[in-house]
Amino acid sequence: MSNAFRDQLLKAGLADAKKVKKVKKEKHQQKTQAGKHAVLNNDALTLAQQAKAEQVARDKELNRKKQAELAQKAIAAQVKQMIETNAITSKGELGFNFVDGKLVKKLYVSNKLHDELSRGLVAIARQAEQYCVIPSQVAEKIMQRDANSIVLLNTKQQQPDEDDPYADYQIPDDLMW
């Protein structure tokens, strides 16, 4: 109640001092409670929104990781299938030495495959713990997907170095080390 209106009601005898105090106290309590609840509701609301935003961000990150893992598995399956379907049987009596990481490995191949490996017509690919001989075109496709699967792919050097002092001395193709 406004002061003038309250005074008029008191003078007319329609309201007494206790009722006026009670109404004034209730209005004051309502205002203070409304302000507290509004602040609490706003804080709780912002905290809930922040928690929801963080949860959405976590879900997106987990989803991105799962998609990356699935893509990696799909690439690994493609590489495995390409190696299995294009593998050339490499049983032979002639040992072909090659480097895998820091280790020197030996693969026994036929004379024809040894020559093709040296010239870069075929390549050596790693599948699990085995080594397979595959055509160089397939090896190039595999390298686009997973370069770690190809252990050896010789490429023929087109232009010899101009500063090479041994350029006049060609190494014979049939030289065996």
# chains A, B, ... in the order shown; residues from 1 in each chain; ligands from 1

$ select_by_dssp --residues "stretch 35-166 of chain A" --states "helix (DSSP H, G or I)" --output "count of residues only"
74

$ atom_distance --atom1 "atom CA of A:Arg126" --atom2 "atom CA of A:Arg64"
28.8 Å

$ atom_distance --atom1 "atom CA of A:Met82" --atom2 "atom CA of A:Lys141"
9.0 Å

$ select_by_dssp --residues "stretch 21-105 of chain A" --states "strand (DSSP E)" --output "JSON, numbers by chain"
{"A": [94, 95, 96, 97, 98, 99, 100, 103, 104, 105]}

$ write_last_selection --atoms "C-alpha atoms" --output "mmCIF file, in the first residue's frame"
data_model
loop_
_atom_site.group_PDB
_atom_site.id
_atom_site.type_symbol
_atom_site.label_atom_id
_atom_site.label_comp_id
_atom_site.auth_asym_id
_atom_site.auth_seq_id
_atom_site.Cartn_x
_atom_site.Cartn_y
_atom_site.Cartn_z
ATOM 1 C CA LEU A 94 67.674 -67.184 -54.126
ATOM 2 C CA GLY A 95 67.821 -64.971 -51.014
ATOM 3 C CA PHE A 96 66.840 -61.328 -51.346
ATOM 4 C CA ASN A 97 68.032 -59.094 -48.503
ATOM 5 C CA PHE A 98 66.048 -55.993 -47.555
ATOM 6 C CA VAL A 99 65.811 -53.620 -44.616
ATOM 7 C CA ASP A 100 62.732 -53.500 -42.399
ATOM 8 C CA LEU A 103 66.587 -55.091 -39.176
ATOM 9 C CA VAL A 104 67.938 -56.774 -42.287
ATOM 10 C CA LYS A 105 65.563 -59.487 -43.436
#

$ residues_around --residues "A:Ile142" --least-positions-apart "6" --cutoff "10 Å" --atoms "only C-alpha atoms" --output "list in words"
Ile75, Ala76, Gln78, Val79, Lys80, Met82, Ile83, Ala125, Ser136, Asn148, Ser149 and Ile150 of chain A

$ atom_distance --atom1 "atom CA of A:Thr155" --atom2 "atom CA of A:Ala167"
18.1 Å

$ decode --residues "stretch 124-135 of chain A" --atoms "all heavy atoms" --output "compact mmCIF listing (two decimals), in the first residue's frame"
# COMPACT_ATOMS: atom_id res chain seq x y z
N ILE A 124 57.80 -55.36 -51.73
CA ILE A 124 57.61 -56.22 -50.57
C ILE A 124 56.72 -55.48 -49.58
O ILE A 124 56.99 -54.33 -49.22
CB ILE A 124 58.94 -56.60 -49.91
CG1 ILE A 124 59.81 -57.39 -50.89
CG2 ILE A 124 58.71 -57.41 -48.64
CD1 ILE A 124 61.18 -57.73 -50.37
N ALA A 125 55.66 -56.17 -49.14
CA ALA A 125 54.72 -55.58 -48.19
C ALA A 125 54.69 -56.43 -46.93
O ALA A 125 54.88 -57.65 -46.97
CB ALA A 125 53.33 -55.50 -48.78
N ARG A 126 54.43 -55.78 -45.80
CA ARG A 126 54.33 -56.47 -44.52
C ARG A 126 52.86 -56.66 -44.19
O ARG A 126 52.07 -55.73 -44.22
CB ARG A 126 54.97 -55.65 -43.41
CG ARG A 126 54.90 -56.32 -42.06
CD ARG A 126 55.39 -55.47 -40.90
NE ARG A 126 56.58 -54.70 -41.19
CZ ARG A 126 56.60 -53.37 -41.28
NH1 ARG A 126 55.51 -52.68 -41.14
NH2 ARG A 126 57.73 -52.72 -41.52
N GLN A 127 52.52 -57.91 -43.89
CA GLN A 127 51.17 -58.21 -43.44
C GLN A 127 51.31 -59.04 -42.16
O GLN A 127 51.74 -60.17 -42.20
CB GLN A 127 50.39 -58.98 -44.49
CG GLN A 127 48.98 -59.28 -44.08
CD GLN A 127 48.24 -60.06 -45.13
OE1 GLN A 127 48.82 -60.54 -46.09
NE2 GLN A 127 46.95 -60.20 -44.94
N ALA A 128 50.96 -58.42 -41.05
CA ALA A 128 51.14 -59.00 -39.72
C ALA A 128 52.63 -59.28 -39.54
O ALA A 128 53.43 -58.36 -39.53
CB ALA A 128 50.26 -60.22 -39.53
N GLU A 129 53.02 -60.52 -39.42
CA GLU A 129 54.43 -60.88 -39.23
C GLU A 129 55.03 -61.50 -40.49
O GLU A 129 56.14 -62.02 -40.46
CB GLU A 129 54.56 -61.87 -38.07
CG GLU A 129 54.13 -61.30 -36.74
CD GLU A 129 55.01 -60.14 -36.29
OE1 GLU A 129 56.24 -60.19 -36.49
OE2 GLU A 129 54.44 -59.17 -35.75
N GLN A 130 54.32 -61.47 -41.59
CA GLN A 130 54.79 -62.06 -42.83
C GLN A 130 55.13 -60.97 -43.84
O GLN A 130 54.67 -59.85 -43.75
CB GLN A 130 53.71 -62.96 -43.44
CG GLN A 130 53.33 -64.13 -42.58
CD GLN A 130 52.23 -64.95 -43.25
OE1 GLN A 130 51.69 -64.56 -44.28
NE2 GLN A 130 51.91 -66.08 -42.65
N TYR A 131 55.94 -61.37 -44.83
CA TYR A 131 56.29 -60.48 -45.93
C TYR A 131 55.76 -61.09 -47.21
O TYR A 131 55.92 -62.28 -47.46
CB TYR A 131 57.81 -60.30 -46.01
CG TYR A 131 58.37 -59.62 -44.79
CD1 TYR A 131 59.00 -60.36 -43.80
CD2 TYR A 131 58.26 -58.26 -44.63
CE1 TYR A 131 59.50 -59.74 -42.67
CE2 TYR A 131 58.76 -57.63 -43.50
CZ TYR A 131 59.38 -58.38 -42.53
OH TYR A 131 59.86 -57.75 -41.42
N CYS A 132 55.11 -60.27 -48.03
CA CYS A 132 54.52 -60.72 -49.29
C CYS A 132 55.08 -59.89 -50.43
O CYS A 132 55.34 -58.69 -50.28
CB CYS A 132 53.01 -60.57 -49.27
SG CYS A 132 52.20 -61.50 -47.97
N VAL A 133 55.24 -60.51 -51.56
CA VAL A 133 55.67 -59.81 -52.77
C VAL A 133 54.42 -59.45 -53.55
O VAL A 133 53.56 -60.30 -53.80
CB VAL A 133 56.61 -60.70 -53.61
CG1 VAL A 133 57.02 -59.98 -54.88
CG2 VAL A 133 57.83 -61.12 -52.80
N ILE A 134 54.30 -58.16 -53.90
CA ILE A 134 53.12 -57.67 -54.61
C ILE A 134 53.57 -56.80 -55.78
O ILE A 134 54.69 -56.28 -55.77
CB ILE A 134 52.18 -56.86 -53.69
CG1 ILE A 134 52.92 -55.69 -53.05
CG2 ILE A 134 51.58 -57.75 -52.62
CD1 ILE A 134 52.04 -54.76 -52.25
N PRO A 135 52.72 -56.61 -56.79
CA PRO A 135 53.08 -55.73 -57.91
C PRO A 135 53.26 -54.29 -57.45
O PRO A 135 52.66 -53.85 -56.47
CB PRO A 135 51.89 -55.86 -58.86
CG PRO A 135 51.22 -57.13 -58.49
CD PRO A 135 51.47 -57.32 -57.04
